[in-house]
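> Pasting work-v6.cif below, which is mmCIF, C-alpha atoms and all ligand atoms.
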```
data_protein
loop_
_atom_site.label_atom_id
_atom_site.label_comp_id
_atom_site.auth_asym_id
_atom_site.auth_seq_id
_atom_site.Cartn_x
_atom_site.Cartn_y
_atom_site.Cartn_z
CA MET A 42 64.28 -26.17 47.41
CA ASN A 43 66.03 -24.98 44.28
CA ASP A 44 65.64 -28.21 42.36
CA LEU A 45 61.90 -28.21 41.82
CA LYS A 46 60.82 -30.59 39.10
CA PRO A 47 59.50 -28.77 36.03
CA SER A 48 55.84 -29.40 35.28
CA LEU A 49 54.30 -29.97 31.87
CA TYR A 50 52.66 -26.54 32.27
CA ASP A 51 56.11 -24.95 32.05
CA PHE A 52 56.32 -25.53 28.30
CA THR A 53 55.02 -23.91 25.15
CA GLN A 54 53.70 -26.37 22.62
CA LYS A 55 56.85 -25.95 20.55
CA GLU A 56 59.05 -26.77 23.53
CA LEU A 57 56.99 -29.82 24.36
CA THR A 58 57.32 -30.97 20.76
CA GLN A 59 61.09 -30.86 21.19
CA LEU A 60 60.91 -32.85 24.41
CA VAL A 61 58.43 -35.49 23.35
CA LYS A 62 58.80 -37.38 20.09
CA PRO A 63 57.06 -38.07 17.74
CA SER A 64 55.35 -34.70 17.54
CA PHE A 65 51.80 -36.08 17.42
CA ARG A 66 52.38 -37.44 20.92
CA ALA A 67 53.30 -33.95 22.15
CA LYS A 68 50.10 -32.70 20.58
CA GLN A 69 48.06 -35.39 22.32
CA ILE A 70 49.67 -34.58 25.65
CA TYR A 71 48.97 -30.88 25.16
CA GLY A 72 45.33 -31.82 24.60
CA TRP A 73 45.28 -33.98 27.74
CA ILE A 74 46.56 -31.21 29.96
CA TYR A 75 44.73 -28.20 28.48
CA HIS A 76 41.51 -29.69 27.08
CA GLN A 77 40.86 -32.66 29.38
CA TYR A 78 42.58 -31.17 32.44
CA ALA A 79 44.21 -34.56 33.11
CA GLN A 80 45.13 -34.97 36.77
CA SER A 81 47.66 -37.75 36.34
CA PHE A 82 49.77 -39.40 33.67
CA GLU A 83 47.56 -42.53 33.98
CA ASP A 84 44.61 -40.46 32.71
CA MET A 85 46.31 -40.11 29.31
CA LYS A 86 44.71 -43.19 27.80
CA ASN A 87 46.16 -43.03 24.29
CA ILE A 88 49.78 -42.43 25.40
CA PRO A 89 52.01 -45.53 25.62
CA LYS A 90 52.74 -46.69 29.15
CA ALA A 91 56.53 -46.51 28.74
CA MET A 92 56.30 -42.91 27.59
CA LYS A 93 54.11 -41.98 30.54
CA GLU A 94 56.53 -43.63 32.93
CA GLU A 95 59.47 -41.78 31.45
CA LEU A 96 57.63 -38.47 31.54
CA ALA A 97 56.69 -39.04 35.16
CA THR A 98 60.35 -39.42 36.15
CA LYS A 99 61.25 -36.04 34.66
CA TYR A 100 58.14 -33.91 34.99
CA LEU A 101 55.35 -33.16 37.33
CA LEU A 102 51.92 -33.11 35.82
CA ASN A 103 49.97 -31.17 38.36
CA PRO A 104 52.12 -28.76 40.38
CA LEU A 105 49.27 -27.42 42.55
CA LYS A 106 47.07 -28.81 45.28
CA ILE A 107 43.96 -27.03 46.58
CA VAL A 108 44.41 -26.75 50.34
CA ASN A 109 41.65 -24.29 51.15
CA LYS A 110 38.68 -22.83 49.37
CA GLU A 111 36.32 -20.08 50.50
CA GLU A 112 33.17 -19.36 48.59
CA SER A 113 31.32 -16.08 48.84
CA SER A 114 27.61 -15.50 48.24
CA ASP A 115 28.33 -13.49 45.07
CA GLY A 116 30.06 -16.45 43.40
CA THR A 117 33.64 -15.46 44.23
CA ILE A 118 35.80 -18.41 45.22
CA LYS A 119 39.15 -17.86 46.81
CA TYR A 120 41.65 -20.72 46.60
CA LEU A 121 44.73 -21.40 48.63
CA LEU A 122 47.07 -23.50 46.52
CA GLU A 123 50.09 -25.49 47.63
CA MET A 124 53.12 -26.05 45.44
CA GLN A 125 55.53 -28.97 45.40
CA ASP A 126 57.88 -27.31 47.91
CA GLY A 127 55.00 -26.84 50.35
CA LYS A 128 54.77 -23.06 49.78
CA THR A 129 51.30 -21.63 49.28
CA MET A 130 49.73 -18.83 47.25
CA GLU A 131 46.26 -17.74 46.18
CA ALA A 132 44.12 -17.57 43.10
CA VAL A 133 40.57 -16.20 42.93
CA TRP A 134 37.63 -17.22 40.75
CA LEU A 135 35.49 -14.15 40.13
CA LYS A 136 32.00 -14.15 38.69
CA MET A 137 31.81 -10.98 36.63
CA LYS A 138 28.40 -11.41 35.03
CA ASP A 139 25.48 -13.69 35.90
CA GLU A 140 24.02 -16.06 33.35
CA GLN A 141 20.97 -14.74 31.47
CA TYR A 142 17.75 -16.49 30.51
CA ASP A 143 14.87 -15.57 28.20
CA GLU A 144 11.17 -15.64 29.25
CA SER A 145 10.89 -19.37 28.60
CA GLY A 146 13.78 -20.04 30.94
CA GLU A 147 16.19 -20.83 28.10
CA LEU A 148 19.84 -19.92 28.77
CA THR A 149 20.77 -17.04 26.43
CA GLN A 150 24.10 -16.00 27.84
CA GLU A 151 26.53 -17.95 29.96
CA ALA A 152 28.02 -16.39 33.08
CA LYS A 153 31.34 -14.59 32.65
CA TYR A 154 34.33 -15.29 34.84
CA THR A 155 37.74 -13.82 35.53
CA ILE A 156 40.61 -15.58 37.28
CA CYS A 157 42.95 -13.55 39.47
CA VAL A 158 46.37 -15.21 39.60
CA SER A 159 49.51 -14.85 41.72
CA THR A 160 52.99 -14.41 40.29
CA GLN A 161 55.13 -14.67 43.44
CA VAL A 162 55.00 -16.04 46.96
CA GLY A 163 55.13 -12.78 48.91
CA CYS A 164 56.36 -9.57 47.32
CA LYS A 165 59.49 -7.39 47.39
CA VAL A 166 57.74 -4.09 46.80
CA GLY A 167 56.59 -3.70 50.39
CA CYS A 168 53.48 -1.53 50.03
CA THR A 169 52.40 -0.34 53.47
CA PHE A 170 48.68 -1.06 52.87
CA CYS A 171 49.15 -4.60 51.55
CA LEU A 172 48.92 -7.79 53.53
CA THR A 173 51.05 -9.73 51.04
CA ALA A 174 53.92 -7.33 51.73
CA LYS A 175 53.87 -8.07 55.45
CA GLY A 176 55.20 -11.58 54.97
CA GLY A 177 58.16 -10.37 52.87
CA PHE A 178 59.32 -12.13 49.73
CA THR A 179 59.73 -15.90 49.46
CA ARG A 180 60.14 -16.78 45.80
CA ASP A 181 59.03 -16.26 42.22
CA LEU A 182 56.45 -18.60 40.76
CA SER A 183 57.52 -20.58 37.72
CA ALA A 184 55.63 -20.11 34.46
CA GLY A 185 54.03 -23.51 35.04
CA GLU A 186 52.82 -22.53 38.50
CA ILE A 187 51.19 -19.43 37.03
CA VAL A 188 49.58 -21.41 34.18
CA ALA A 189 48.44 -24.24 36.48
CA GLN A 190 46.40 -21.79 38.60
CA VAL A 191 44.08 -21.18 35.66
CA VAL A 192 43.86 -24.87 34.76
CA THR A 193 43.19 -25.83 38.39
CA LEU A 194 40.40 -23.27 38.81
CA LYS A 195 38.79 -24.04 35.46
CA ARG A 196 38.86 -27.74 36.30
CA ASP A 197 37.43 -27.20 39.77
CA ASN A 198 34.55 -25.16 38.35
CA ASN A 199 33.84 -27.49 35.40
CA HIS A 200 34.65 -24.64 33.04
CA LYS A 201 35.34 -26.17 29.62
CA HIS A 202 38.65 -25.35 27.97
CA ASN A 203 37.02 -23.47 25.10
CA ARG A 204 34.82 -21.26 27.28
CA LYS A 205 36.16 -17.73 27.41
CA ILE A 206 37.87 -16.56 30.54
CA ASN A 207 39.76 -13.40 31.49
CA ILE A 208 42.96 -13.39 33.50
CA VAL A 209 44.12 -10.62 35.80
CA TYR A 210 47.61 -10.77 37.29
CA MET A 211 46.45 -9.22 40.56
CA GLY A 212 47.02 -11.94 43.11
CA MET A 213 50.06 -12.14 45.33
CA GLY A 214 53.28 -10.59 44.09
CA GLU A 215 54.48 -8.01 41.61
CA PRO A 216 54.17 -9.54 38.12
CA LEU A 217 56.82 -7.32 36.54
CA ASP A 218 59.32 -8.37 39.18
CA ASN A 219 59.02 -11.87 37.69
CA LEU A 220 58.91 -10.76 34.07
CA GLU A 221 60.60 -13.77 32.51
CA ASN A 222 58.17 -16.32 33.96
CA LEU A 223 55.23 -13.95 33.56
CA SER A 224 55.87 -13.44 29.84
CA LYS A 225 56.27 -17.16 29.32
CA ALA A 226 52.98 -17.85 31.09
CA ILE A 227 51.27 -15.21 28.92
CA LYS A 228 52.57 -16.99 25.82
CA ILE A 229 51.49 -20.43 27.06
CA PHE A 230 47.98 -19.11 27.79
CA LYS A 231 47.83 -17.79 24.23
CA GLU A 232 48.68 -21.16 22.61
CA GLU A 233 45.98 -21.94 20.04
CA GLU A 234 45.98 -25.64 20.89
CA GLY A 235 46.10 -24.95 24.60
CA LEU A 236 43.72 -22.60 26.40
CA ALA A 237 43.83 -20.00 23.58
CA ILE A 238 43.43 -17.02 25.93
CA GLY A 239 44.42 -14.01 23.84
CA GLY A 240 46.49 -11.08 25.07
CA LYS A 241 43.38 -8.90 25.12
CA ARG A 242 41.94 -11.18 27.81
CA GLN A 243 45.00 -10.83 30.04
CA THR A 244 45.67 -7.81 32.26
CA VAL A 245 48.94 -7.30 34.09
CA SER A 246 48.56 -5.17 37.21
CA THR A 247 51.73 -3.44 38.37
CA SER A 248 52.78 -1.19 41.19
CA GLY A 249 54.73 0.72 38.55
CA LEU A 250 58.23 -0.60 37.81
CA SER A 251 58.57 1.81 34.90
CA ASN A 252 61.61 0.18 33.24
CA LYS A 253 59.80 -3.18 33.28
CA ILE A 254 56.65 -1.61 31.82
CA ASP A 255 58.87 -0.66 28.88
CA LYS A 256 60.28 -4.19 28.68
CA LEU A 257 56.82 -5.75 28.71
CA GLY A 258 55.79 -3.30 26.00
CA GLU A 259 58.78 -4.28 23.85
CA MET A 260 57.70 -7.93 24.04
CA ASP A 261 54.51 -6.91 22.23
CA LEU A 262 52.36 -9.65 23.72
CA GLY A 263 49.13 -7.72 23.27
CA VAL A 264 48.26 -7.70 26.96
CA HIS A 265 46.59 -4.90 28.87
CA ILE A 266 48.24 -3.17 31.76
CA ALA A 267 46.71 -1.80 34.92
CA ILE A 268 48.73 0.66 36.98
CA SER A 269 48.34 0.69 40.74
CA LEU A 270 48.71 4.44 41.10
CA HIS A 271 47.02 5.08 44.46
CA ALA A 272 48.44 8.58 44.95
CA VAL A 273 48.84 11.77 42.94
CA ASP A 274 51.95 13.16 44.59
CA ASP A 275 55.28 11.43 45.08
CA GLU A 276 55.42 12.04 48.81
CA LEU A 277 52.28 10.07 49.61
CA ARG A 278 53.02 7.50 46.90
CA THR A 279 56.44 6.83 48.43
CA GLU A 280 54.82 6.37 51.83
CA LEU A 281 52.41 3.81 50.36
CA ILE A 282 54.75 2.18 47.82
CA PRO A 283 58.38 2.64 48.96
CA MET A 284 59.91 1.82 45.56
CA ASN A 285 58.21 4.94 44.20
CA LYS A 286 61.51 6.61 45.07
CA ALA A 287 63.14 4.78 42.18
CA HIS A 288 60.09 4.78 39.87
CA ASN A 289 58.22 7.99 40.52
CA ILE A 290 54.83 9.01 39.17
CA ASN A 291 56.27 10.89 36.23
CA SER A 292 58.40 7.93 35.09
CA ILE A 293 55.33 5.67 35.22
CA ILE A 294 53.17 8.07 33.21
CA GLU A 295 55.92 8.35 30.58
CA ALA A 296 56.28 4.54 30.40
CA VAL A 297 52.51 4.16 29.99
CA LYS A 298 52.58 6.61 27.09
CA ARG A 299 55.18 4.41 25.37
CA PHE A 300 53.29 1.16 25.99
CA PRO A 301 51.69 -0.40 22.88
CA ILE A 302 47.97 -0.15 23.47
CA ASP A 303 45.14 -1.08 21.18
CA THR A 304 43.89 2.36 20.12
CA ARG A 305 40.33 1.44 21.02
CA LYS A 306 41.31 0.54 24.54
CA ARG A 307 42.12 2.48 27.67
CA VAL A 308 44.81 1.99 30.27
CA MET A 309 43.41 1.15 33.65
CA PHE A 310 44.64 3.13 36.64
CA GLU A 311 43.83 1.59 39.99
CA TYR A 312 43.41 4.04 42.81
CA LEU A 313 43.21 2.56 46.28
CA VAL A 314 41.20 4.99 48.36
CA ILE A 315 42.30 5.39 51.99
CA LYS A 316 40.36 7.50 54.44
CA GLY A 317 41.97 10.88 55.12
CA LYS A 318 44.96 10.11 52.88
CA ASN A 319 43.87 10.40 49.27
CA ASP A 320 40.07 10.59 49.30
CA ASP A 321 39.69 14.38 49.07
CA GLN A 322 38.58 16.54 46.16
CA ALA A 323 42.04 18.12 45.79
CA SER A 324 43.45 14.65 45.01
CA ALA A 325 40.67 14.04 42.50
CA LYS A 326 41.56 17.32 40.81
CA LYS A 327 45.26 16.40 40.63
CA LEU A 328 44.39 12.97 39.24
CA VAL A 329 42.42 14.50 36.38
CA LYS A 330 45.40 16.72 35.58
CA LEU A 331 47.87 13.85 35.74
CA LEU A 332 45.91 11.73 33.28
CA THR A 333 45.00 14.45 30.75
CA ASP A 334 47.18 13.12 27.93
CA ILE A 335 46.33 9.45 28.44
CA LYS A 336 43.38 7.39 27.31
CA ALA A 337 42.72 6.23 30.82
CA LYS A 338 40.03 4.73 32.94
CA VAL A 339 40.17 4.80 36.69
CA ASN A 340 39.10 2.05 39.03
CA LEU A 341 38.55 3.24 42.58
CA ILE A 342 39.17 0.56 45.20
CA TYR A 343 38.01 0.76 48.81
CA PHE A 344 40.93 0.13 51.13
CA ASN A 345 40.17 -3.20 52.77
CA PRO A 346 41.35 -3.11 56.39
CA TYR A 347 43.04 -6.01 58.17
CA PRO A 348 44.18 -6.37 61.79
CA GLY A 349 47.12 -4.14 62.59
CA THR A 350 46.83 -1.79 59.61
CA PRO A 351 47.22 1.95 60.29
CA TYR A 352 44.79 2.82 57.47
CA ASP A 353 41.00 3.07 57.32
CA ARG A 354 38.33 2.34 54.75
CA PRO A 355 36.95 5.54 53.17
CA SER A 356 33.31 6.56 53.50
CA ARG A 357 30.96 5.77 50.67
CA ALA A 358 30.11 9.48 50.38
CA ASN A 359 33.76 10.42 49.76
CA MET A 360 34.17 7.57 47.31
CA VAL A 361 31.14 8.68 45.28
CA ALA A 362 32.16 12.36 45.41
CA PHE A 363 35.62 11.37 44.12
CA GLN A 364 34.09 9.38 41.29
CA GLU A 365 31.69 12.20 40.40
CA TYR A 366 34.53 14.69 40.13
CA LEU A 367 36.46 12.45 37.73
CA VAL A 368 33.43 11.68 35.59
CA LYS A 369 32.46 15.37 35.44
CA HIS A 370 35.94 16.08 34.12
CA GLY A 371 35.81 13.51 31.35
CA LEU A 372 37.46 10.46 32.93
CA LEU A 373 35.88 7.03 32.82
CA CYS A 374 35.69 5.89 36.41
CA THR A 375 34.27 2.87 38.17
CA ILE A 376 34.17 1.89 41.81
CA ARG A 377 35.35 -1.69 42.26
CA ASP A 378 32.52 -3.62 43.82
CA SER A 379 33.96 -5.53 46.71
CA LYS A 380 33.69 -9.01 45.33
CA GLY A 381 34.14 -11.58 48.01
CA ILE A 382 34.08 -9.00 50.77
CA ASP A 383 32.34 -11.51 53.02
CA ILE A 384 35.20 -13.99 52.64
CA SER A 385 38.58 -12.30 52.71
CA ALA A 386 38.84 -9.74 50.01
CA ALA A 387 42.26 -8.11 49.85
CA CYS A 388 45.13 -10.07 48.42
CA GLY A 389 46.97 -12.19 50.96
CA GLN A 390 44.14 -12.48 53.43
CA LEU A 391 43.13 -16.09 52.87
CA LYS A 392 46.72 -17.20 53.23
CA GLU A 393 47.13 -15.31 56.51
CA LYS A 394 43.98 -16.85 57.87
CA THR A 395 44.85 -20.44 57.06
CA GLN A 396 48.35 -20.13 58.44
CA GLY A 397 46.93 -18.60 61.59
CA GLU A 398 44.75 -21.66 62.07
CA ILE A 399 47.53 -24.20 61.69
N1 LIG A 401 51.56 -6.17 42.70
C1 LIG A 401 50.58 -5.80 41.76
C2 LIG A 401 49.45 -6.80 41.63
C3 LIG A 401 48.99 -7.45 42.89
S1 LIG A 401 48.20 -6.41 44.08
C4 LIG A 401 50.03 -4.43 42.07
O1 LIG A 401 50.34 -3.89 43.13
O2 LIG A 401 49.35 -3.88 41.21
C5 LIG A 401 46.61 -6.29 43.38
C6 LIG A 401 45.79 -5.10 43.86
O3 LIG A 401 45.38 -5.31 45.21
C7 LIG A 401 46.55 -3.78 43.80
O4 LIG A 401 45.86 -2.81 43.06
C8 LIG A 401 46.65 -3.43 45.26
O5 LIG A 401 46.70 -2.07 45.41
C9 LIG A 401 45.41 -4.06 45.85
N2 LIG A 401 45.47 -4.17 47.30
C10 LIG A 401 46.51 -4.51 48.08
N3 LIG A 401 46.19 -4.41 49.38
C11 LIG A 401 44.91 -3.99 49.45
C12 LIG A 401 44.00 -3.69 50.52
N4 LIG A 401 44.36 -3.83 51.80
N5 LIG A 401 42.75 -3.28 50.18
C13 LIG A 401 42.38 -3.17 48.90
N6 LIG A 401 43.18 -3.42 47.85
C14 LIG A 401 44.43 -3.83 48.12
FE1 LIG A 402 53.33 -6.21 46.14
FE2 LIG A 402 51.15 -5.32 44.85
FE3 LIG A 402 51.07 -5.88 47.51
FE4 LIG A 402 52.42 -3.76 46.63
S1 LIG A 402 50.20 -4.09 46.44
S2 LIG A 402 53.17 -5.25 48.14
S3 LIG A 402 53.25 -4.51 44.71
S4 LIG A 402 51.41 -7.32 45.86
#
```
Can you dump the structure from the file as structure tokens?

Amino acid sequence: MNDLKPSLYDFTQKELTQLVKPSFRAKQIYGWIYHQYAQSFEDMKNIPKAMKEELATKYLLNPLKIVNKEESSDGTIKYLLEMQDGKTMEAVWLKMKDEQYDESGELTQEAKYTICVSTQVGCKVGCTFCLTAKGGFTRDLSAGEIVAQVVTLKRDNNHKHNRKINIVYMGMGEPLDNLENLSKAIKIFKEEEGLAIGGKRQTVSTSGLSNKIDKLGEMDLGVHIAISLHAVDDELRTELIPMNKAHNINSIIEAVKRFPIDTRKRVMFEYLVIKGKNDDQASAKKLVKLLTDIKAKVNLIYFNPYPGTPYDRPSRANMVAFQEYLVKHGLLCTIRDSKGIDISAACGQLKEKTQGEI
């Protein structure tokens, strides 16, 4: 399984130009894969047959196959995608804003979408509340497998290449544990003649590998980061996220302070709220204190239960009281609306379900 064929989505435009000569052919191919979403080499009508045949011996065009799709009433679509070695992972199409019309029924604003992508099959971090962690770690995704998730979902939803889209690295896996392929994918997404998705439209969510937060910052890719904080003291955080022992809360806060952030922007802190664990006012108070020196915004997430979990979903009253405390003390705070709750919301759940059926 180690000799997977590279796909054309593994390359920056410059790399492709070195692989395919003359350079205008590389440019045409880049257009075929990122603007036309070509599904096969045969689709590339203006590329000579011999060149297509040679490319097909060395590279895969489309590394992903949609094997399951669940659509929710709010427009969320969860995809289960299979890779060339038969392993599967998920990506989610999220409708963030409905389209708008004026009185005459004319479209004034197109709907806005975000794609949630995976970076690994499984995860090494082993969070005790996370379904992905239960299956252990299988392998890193290649840059091309990360990039192809966005192409596959845009294609499946007839979303033109030049329509704006946001990417969140919040699917399966810990993105910073696969930093090399992650950073390459970020660069490929940014390619002007590819999908042209700027750093500002890409958010890397991490469970807090503080040394890797620094490394990502040094790469200066212009991306946002979201920190999965979930707890305000190290004892509870270590229970929830075992590697907190090596990267404690303080080390994460310090790394965030060093991270290059657009001065107009805020760093997102995700706080998974679990009934009776971290949903009390004392935790809210500590959270305010912890984030005093940071331009932060907090996103409260309802814990989403799954069979066998020891944790419970918090009450709405506690969730709102928590939010009110933060807002009263000057923090921006939203409660994540449970997109796709009627399908299988938390990461890893679609995969579990499909495998259970087989
Ligand atoms: N590994 C990265 C990104 C993937 S997880 C990270 O941990 O940030 C993406 C988000 O899903 C995280 O904020 C995580 O806390 C959340 N999540 C995991 N299990 C969940 C569950 N059972 N209910 C709600 N959110 C969950
Ligand atoms: Fe990995 Fe994130 Fe799940 Fe933790 S929450 S096990 S870091 S995917």
> Between CA of Leu220 in chain A and CA of Thr247 in chain A, what distance in Å does the model show, to one decimal?
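Calculated distance between CA of Leu220 in chain A and CA of Thr247 in chain A is 11.1 Å.
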> Using all atoms listed in the file, which residue out of A:Glu151, A:Tyr71, A:Lys128, A:His202 lies closest to Phe178 in chain A?
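Closest to Phe178 in chain A of all the choices is A:Lys128.
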> 7 Å from ligand LIG 402 (chain A) is the threshold here; counting only C-alpha atoms and all ligand atoms, which polymer residues fall inside it? Answer as a list in words.
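The residues near ligand LIG 402 (chain A) are Cys164, Lys165, Val166, Gly167, Cys168, Cys171, Leu172, Thr173, Ala174, Gly212, Met213, Gly214, Glu215, Thr247, Ser248 and Ile282 of chain A.
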> What separation in Å, quoted to one decimal, exists between CA of Asn103 in chain A and CA of Lys136 in chain A?
24.8 Å
> Tell me, in Å to one decimal, how far CA of Ser251 in chain A is from CA of Cys374 in chain A.
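We find that CA of Ser251 in chain A and CA of Cys374 in chain A lie 23.3 Å from each other.
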